[in-house]
Amino acid sequence: MSSSYEIRLCQNPSCGLRYPIKSDHEFGLRCPLCLSDTYLVTTRSLEVENNYSPSKPPQKIEVLIDNIRSAWNVGAIFRTADAMFVSRIHLCGITTTPDNPTVNKTALGASSSVVWTYSRNAVETARQLKSEGFHLLALEQTNQSVSVFSELPEVKYPILIIVGNEVTGVDPDLLSLSDQIIDIPMLGKKRSLNVEVAFGIAISALRYYHNQLSG
Ligand SMILES: [Zn+2]
């Protein structure tokens with residue numbers, strides 16, 4: 001895969017599209033909207049060194065994904081989980097597993113770098129992990145939920161973050177089993193987030209705010 005991109009500009013004055021394209025393109029010189037010739041504006045290298053190193057070892061966090069059918073959502077959670085040093089993902093119920101190629105594609109390979117398990121009944125899996133000492137944190141909007149950006153003094157590790165179905169949310173019995181229910185404070189007119197976006201915000205808060213990792 002090419003590690004540099006070109007920014008090109010359409011020569012047609014009534015079009016003016018500005019767009020990126022890989023430098024090793026074969027047919028990329030024509031505007032994708034109007035097919036006119038294009039100028040090369042600039043080239044951008046995508047080789048970036050990862051200079052971040054955590055100030056201390058990240059604490060143990062695992063994730064339980066219950067009944068998330070969308071392969072795209074599951075893949076996105078895998079990708080975020082890899083970035084946030086999640087040690088294991090537990091897939092439950094009708095959740096699409098990385099055996100589905102779309103999960104792998106969306107995860108950009110993270111579904112092979114993060115260990116995962118599958119079970120049909122999330123409540124049994126959560127009960128087992130709780131007996132092993134996990135602190136269960138369900139991500140859901142309820143009357144008992146506390147903001148993930150609040151103090152959370154009772155949180156202890158290892159943590160199991162529980163996310164549920166895109167429409168129906170976290171299973172009531174999983175909520176009952178949970179030690180705490182967290183949510184993301186909403187400022188806009190829409191009162192909810194996509195599940196993988198909410199997960200990304202919650203785990204970032206846990207890693208960099210509560211776990212005090214410096215970036
Ligand atoms: Zn054009």
# chains A, B, ... in the order shown; residues from 1 in each chain; ligands from 1

$ residues_near_ligand --ligand "ligand 1" --cutoff "8 Å" --atoms "only C-alpha atoms and all ligand atoms" --output "ChimeraX atom specification"
/A:9-12,14-17,30-38

$ residues_around --residues "range 86-102 of chain A" --least-positions-apart "3" --cutoff "7 Å" --atoms "only C-alpha atoms" --output "PyMOL selection string"
chain A and resi 60-72+74+81-82+105-106+111+114-122

$ closest_residue --among "A:Val103, A:Val163, A:Ala110, A:Leu177" --to "Leu136 in chain A" --atoms "only C-alpha atoms"
A:Leu177

$ select_by_dssp --residues "range 47-215 of chain A" --states "strand (DSSP E)" --output "MDAnalysis selection string"
chainID A and resid 61:66 88:92 115:119 135:139 146:147 159:163 180:183

$ write_last_selection --atoms "C-alpha atoms" --output "PDB file, in the first residue's frame"
ATOM      1  CA  ILE A  61      -9.870  -3.630  30.740  1.00  0.00           C
ATOM      2  CA  GLU A  62     -11.993  -6.177  28.875  1.00  0.00           C
ATOM      3  CA  VAL A  63     -15.175  -5.563  26.869  1.00  0.00           C
ATOM      4  CA  LEU A  64     -18.432  -7.485  26.545  1.00  0.00           C
ATOM      5  CA  ILE A  65     -20.409  -6.834  23.367  1.00  0.00           C
ATOM      6  CA  ASP A  66     -23.949  -8.176  23.630  1.00  0.00           C
ATOM      7  CA  ARG A  88     -10.026  -9.411  25.547  1.00  0.00           C
ATOM      8  CA  ILE A  89     -13.429  -8.939  23.892  1.00  0.00           C
ATOM      9  CA  HIS A  90     -16.380 -11.151  24.781  1.00  0.00           C
ATOM     10  CA  LEU A  91     -18.919 -11.398  21.958  1.00  0.00           C
ATOM     11  CA  CYS A  92     -22.377 -12.604  22.965  1.00  0.00           C
ATOM     12  CA  VAL A 115      -8.245 -11.888  21.778  1.00  0.00           C
ATOM     13  CA  TRP A 116     -11.972 -12.617  21.615  1.00  0.00           C
ATOM     14  CA  THR A 117     -14.423 -15.205  22.916  1.00  0.00           C
ATOM     15  CA  TYR A 118     -18.002 -16.007  21.957  1.00  0.00           C
ATOM     16  CA  SER A 119     -20.960 -17.149  24.042  1.00  0.00           C
ATOM     17  CA  HIS A 135     -15.804  -4.607  38.078  1.00  0.00           C
ATOM     18  CA  LEU A 136     -18.758  -4.468  35.685  1.00  0.00           C
ATOM     19  CA  LEU A 137     -19.392  -1.086  34.028  1.00  0.00           C
ATOM     20  CA  ALA A 138     -22.449  -1.036  31.765  1.00  0.00           C
ATOM     21  CA  LEU A 139     -22.612   1.739  29.165  1.00  0.00           C
ATOM     22  CA  VAL A 146     -23.452   8.498  36.097  1.00  0.00           C
ATOM     23  CA  SER A 147     -21.351  10.445  33.619  1.00  0.00           C
ATOM     24  CA  ILE A 159     -12.916  -3.517  34.458  1.00  0.00           C
ATOM     25  CA  LEU A 160     -15.428  -5.165  32.157  1.00  0.00           C
ATOM     26  CA  ILE A 161     -17.183  -2.588  29.945  1.00  0.00           C
ATOM     27  CA  ILE A 162     -20.587  -3.847  28.778  1.00  0.00           C
ATOM     28  CA  VAL A 163     -22.210  -2.540  25.588  1.00  0.00           C
ATOM     29  CA  GLN A 180     -22.012   0.784  37.961  1.00  0.00           C
ATOM     30  CA  ILE A 181     -23.848   2.204  34.954  1.00  0.00           C
ATOM     31  CA  ILE A 182     -22.057   4.938  33.052  1.00  0.00           C
ATOM     32  CA  ASP A 183     -23.104   7.175  30.192  1.00  0.00           C
TER      33      ASP A 183
END

$ atom_distance --atom1 "CA of Arg207 in chain A" --atom2 "CA of Gln59 in chain A"
8.2 Å

$ closest_residue --among "A:Leu187, A:Val148, A:Leu40, A:Ile7" --to "Phe199 in chain A" --atoms "only C-alpha atoms"
A:Val148

$ select_by_dssp --residues "range 25-133 of chain A" --states "helix (DSSP H, G or I)" --output "PyMOL selection string"
chain A and resi 71-83+101-107+110-113+122-131

$ write_last_selection --atoms "C-alpha atoms" --output "CSV table (one decimal), in the first residue's frame"
chain,number,residue,atom,x,y,z
A,71,ALA,CA,-20.5,-6.1,11.5
A,72,TRP,CA,-19.4,-2.5,10.9
A,73,ASN,CA,-20.1,-1.6,14.6
A,74,VAL,CA,-18.3,-4.7,15.9
A,75,GLY,CA,-15.3,-4.0,13.6
A,76,ALA,CA,-15.1,-0.4,14.8
A,77,ILE,CA,-15.2,-1.5,18.4
A,78,PHE,CA,-12.3,-4.0,17.7
A,79,ARG,CA,-10.2,-1.2,16.2
A,80,THR,CA,-10.8,1.1,19.1
A,81,ALA,CA,-10.2,-1.7,21.6
A,82,ASP,CA,-6.9,-2.4,20.0
A,83,ALA,CA,-5.9,1.3,20.3
A,101,PRO,CA,-15.1,-10.5,6.6
A,102,THR,CA,-16.8,-7.1,7.1
A,103,VAL,CA,-15.8,-7.2,10.8
A,104,ASN,CA,-12.1,-7.8,9.8
A,105,LYS,CA,-12.2,-5.2,7.2
A,106,THR,CA,-13.6,-2.5,9.4
A,107,ALA,CA,-11.3,-3.5,12.3
A,110,ALA,CA,-7.5,-5.5,14.9
A,111,SER,CA,-9.8,-8.6,15.2
A,112,SER,CA,-6.7,-10.7,15.0
A,113,SER,CA,-4.6,-8.6,17.5
A,122,ALA,CA,-24.1,-12.7,27.9
A,123,VAL,CA,-25.6,-12.9,31.4
A,124,GLU,CA,-23.7,-16.2,32.1
A,125,THR,CA,-20.5,-14.7,30.7
A,126,ALA,CA,-20.9,-11.5,32.8
A,127,ARG,CA,-21.6,-13.5,35.9
A,128,GLN,CA,-18.5,-15.7,35.3
A,129,LEU,CA,-16.3,-12.6,34.8
A,130,LYS,CA,-17.8,-10.9,37.9
A,131,SER,CA,-16.9,-14.0,40.0

$ decode --residues "range 38-71 of chain A" --atoms "N, CA and C atoms" --output "PDB file, in the first residue's frame"
ATOM      1  N   THR A  38      -6.914  17.354 -13.740  1.00  0.00           N
ATOM      2  CA  THR A  38      -6.706  17.910 -12.400  1.00  0.00           C
ATOM      3  C   THR A  38      -5.258  18.351 -12.211  1.00  0.00           C
ATOM      4  N   TYR A  39      -5.020  19.273 -11.294  1.00  0.00           N
ATOM      5  CA  TYR A  39      -3.671  19.686 -10.893  1.00  0.00           C
ATOM      6  C   TYR A  39      -3.251  18.918  -9.649  1.00  0.00           C
ATOM      7  N   LEU A  40      -1.927  18.702  -9.534  1.00  0.00           N
ATOM      8  CA  LEU A  40      -1.376  18.241  -8.266  1.00  0.00           C
ATOM      9  C   LEU A  40      -1.176  19.463  -7.366  1.00  0.00           C
ATOM     10  N   VAL A  41      -1.800  19.501  -6.206  1.00  0.00           N
ATOM     11  CA  VAL A  41      -1.648  20.628  -5.280  1.00  0.00           C
ATOM     12  C   VAL A  41      -0.479  20.378  -4.339  1.00  0.00           C
ATOM     13  N   THR A  42      -0.491  19.233  -3.704  1.00  0.00           N
ATOM     14  CA  THR A  42       0.578  18.909  -2.763  1.00  0.00           C
ATOM     15  C   THR A  42       0.586  17.407  -2.501  1.00  0.00           C
ATOM     16  N   THR A  43       1.668  16.935  -1.915  1.00  0.00           N
ATOM     17  CA  THR A  43       1.796  15.520  -1.571  1.00  0.00           C
ATOM     18  C   THR A  43       1.957  15.407  -0.068  1.00  0.00           C
ATOM     19  N   ARG A  44       1.342  14.378   0.496  1.00  0.00           N
ATOM     20  CA  ARG A  44       1.404  14.207   1.939  1.00  0.00           C
ATOM     21  C   ARG A  44       1.904  12.803   2.270  1.00  0.00           C
ATOM     22  N   SER A  45       2.965  12.717   3.073  1.00  0.00           N
ATOM     23  CA  SER A  45       3.444  11.412   3.510  1.00  0.00           C
ATOM     24  C   SER A  45       2.600  10.919   4.665  1.00  0.00           C
ATOM     25  N   LEU A  46       2.294   9.640   4.654  1.00  0.00           N
ATOM     26  CA  LEU A  46       1.478   9.082   5.743  1.00  0.00           C
ATOM     27  C   LEU A  46       2.322   8.315   6.749  1.00  0.00           C
ATOM     28  N   GLU A  47       3.636   8.421   6.600  1.00  0.00           N
ATOM     29  CA  GLU A  47       4.490   7.729   7.560  1.00  0.00           C
ATOM     30  C   GLU A  47       4.623   8.569   8.825  1.00  0.00           C
ATOM     31  N   VAL A  48       3.980   8.100   9.878  1.00  0.00           N
ATOM     32  CA  VAL A  48       3.977   8.821  11.148  1.00  0.00           C
ATOM     33  C   VAL A  48       4.542   7.906  12.216  1.00  0.00           C
ATOM     34  N   GLU A  49       5.450   8.430  12.989  1.00  0.00           N
ATOM     35  CA  GLU A  49       5.965   7.641  14.113  1.00  0.00           C
ATOM     36  C   GLU A  49       5.022   7.769  15.293  1.00  0.00           C
ATOM     37  N   ASN A  50       4.780   6.657  15.960  1.00  0.00           N
ATOM     38  CA  ASN A  50       3.970   6.698  17.176  1.00  0.00           C
ATOM     39  C   ASN A  50       4.873   7.026  18.354  1.00  0.00           C
ATOM     40  N   ASN A  51       4.828   8.283  18.790  1.00  0.00           N
ATOM     41  CA  ASN A  51       5.743   8.745  19.833  1.00  0.00           C
ATOM     42  C   ASN A  51       5.167   8.638  21.237  1.00  0.00           C
ATOM     43  N   TYR A  52       3.901   8.189  21.318  1.00  0.00           N
ATOM     44  CA  TYR A  52       3.281   8.133  22.639  1.00  0.00           C
ATOM     45  C   TYR A  52       3.775   6.907  23.400  1.00  0.00           C
ATOM     46  N   SER A  53       4.092   7.089  24.659  1.00  0.00           N
ATOM     47  CA  SER A  53       4.319   5.919  25.493  1.00  0.00           C
ATOM     48  C   SER A  53       3.657   6.190  26.834  1.00  0.00           C
ATOM     49  N   PRO A  54       2.861   5.239  27.330  1.00  0.00           N
ATOM     50  CA  PRO A  54       2.098   5.491  28.540  1.00  0.00           C
ATOM     51  C   PRO A  54       3.002   5.764  29.730  1.00  0.00           C
ATOM     52  N   SER A  55       2.519   6.655  30.622  1.00  0.00           N
ATOM     53  CA  SER A  55       3.299   7.041  31.792  1.00  0.00           C
ATOM     54  C   SER A  55       3.386   5.893  32.799  1.00  0.00           C
ATOM     55  N   LYS A  56       2.452   4.948  32.697  1.00  0.00           N
ATOM     56  CA  LYS A  56       2.494   3.748  33.539  1.00  0.00           C
ATOM     57  C   LYS A  56       1.742   2.651  32.802  1.00  0.00           C
ATOM     58  N   PRO A  57       1.895   1.386  33.226  1.00  0.00           N
ATOM     59  CA  PRO A  57       1.224   0.316  32.483  1.00  0.00           C
ATOM     60  C   PRO A  57      -0.295   0.483  32.542  1.00  0.00           C
ATOM     61  N   PRO A  58      -0.985   0.346  31.404  1.00  0.00           N
ATOM     62  CA  PRO A  58      -2.443   0.456  31.419  1.00  0.00           C
ATOM     63  C   PRO A  58      -3.046  -0.659  32.274  1.00  0.00           C
ATOM     64  N   GLN A  59      -4.083  -0.336  33.039  1.00  0.00           N
ATOM     65  CA  GLN A  59      -4.782  -1.335  33.844  1.00  0.00           C
ATOM     66  C   GLN A  59      -5.585  -2.257  32.931  1.00  0.00           C
ATOM     67  N   LYS A  60      -5.986  -3.395  33.503  1.00  0.00           N
ATOM     68  CA  LYS A  60      -6.684  -4.392  32.686  1.00  0.00           C
ATOM     69  C   LYS A  60      -8.139  -3.994  32.420  1.00  0.00           C
ATOM     70  N   ILE A  61      -8.483  -3.887  31.151  1.00  0.00           N
ATOM     71  CA  ILE A  61      -9.870  -3.630  30.740  1.00  0.00           C
ATOM     72  C   ILE A  61     -10.273  -4.660  29.684  1.00  0.00           C
ATOM     73  N   GLU A  62     -11.419  -5.310  29.896  1.00  0.00           N
ATOM     74  CA  GLU A  62     -11.993  -6.177  28.875  1.00  0.00           C
ATOM     75  C   GLU A  62     -13.368  -5.623  28.490  1.00  0.00           C
ATOM     76  N   VAL A  63     -13.909  -6.100  27.380  1.00  0.00           N
ATOM     77  CA  VAL A  63     -15.175  -5.563  26.869  1.00  0.00           C
ATOM     78  C   VAL A  63     -16.132  -6.709  26.565  1.00  0.00           C
ATOM     79  N   LEU A  64     -17.392  -6.526  26.923  1.00  0.00           N
ATOM     80  CA  LEU A  64     -18.432  -7.485  26.545  1.00  0.00           C
ATOM     81  C   LEU A  64     -19.377  -6.801  25.565  1.00  0.00           C
ATOM     82  N   ILE A  65     -19.503  -7.375  24.389  1.00  0.00           N
ATOM     83  CA  ILE A  65     -20.409  -6.834  23.367  1.00  0.00           C
ATOM     84  C   ILE A  65     -21.594  -7.774  23.244  1.00  0.00           C
ATOM     85  N   ASP A  66     -22.776  -7.300  23.653  1.00  0.00           N
ATOM     86  CA  ASP A  66     -23.949  -8.176  23.630  1.00  0.00           C
ATOM     87  C   ASP A  66     -24.914  -7.778  22.529  1.00  0.00           C
ATOM     88  N   ASN A  67     -25.201  -8.717  21.657  1.00  0.00           N
ATOM     89  CA  ASN A  67     -26.259  -8.547  20.645  1.00  0.00           C
ATOM     90  C   ASN A  67     -26.090  -7.317  19.757  1.00  0.00           C
ATOM     91  N   ILE A  68     -24.862  -7.093  19.289  1.00  0.00           N
ATOM     92  CA  ILE A  68     -24.643  -6.066  18.270  1.00  0.00           C
ATOM     93  C   ILE A  68     -24.486  -6.761  16.928  1.00  0.00           C
ATOM     94  N   ARG A  69     -25.509  -6.633  16.116  1.00  0.00           N
ATOM     95  CA  ARG A  69     -25.579  -7.375  14.861  1.00  0.00           C
ATOM     96  C   ARG A  69     -24.665  -6.770  13.795  1.00  0.00           C
ATOM     97  N   SER A  70     -24.524  -5.440  13.785  1.00  0.00           N
ATOM     98  CA  SER A  70     -23.814  -4.764  12.702  1.00  0.00           C
ATOM     99  C   SER A  70     -22.325  -5.091  12.699  1.00  0.00           C
ATOM    100  N   ALA A  71     -21.876  -5.723  11.625  1.00  0.00           N
ATOM    101  CA  ALA A  71     -20.460  -6.079  11.496  1.00  0.00           C
ATOM    102  C   ALA A  71     -19.591  -4.825  11.507  1.00  0.00           C
TER     103      ALA A  71
END
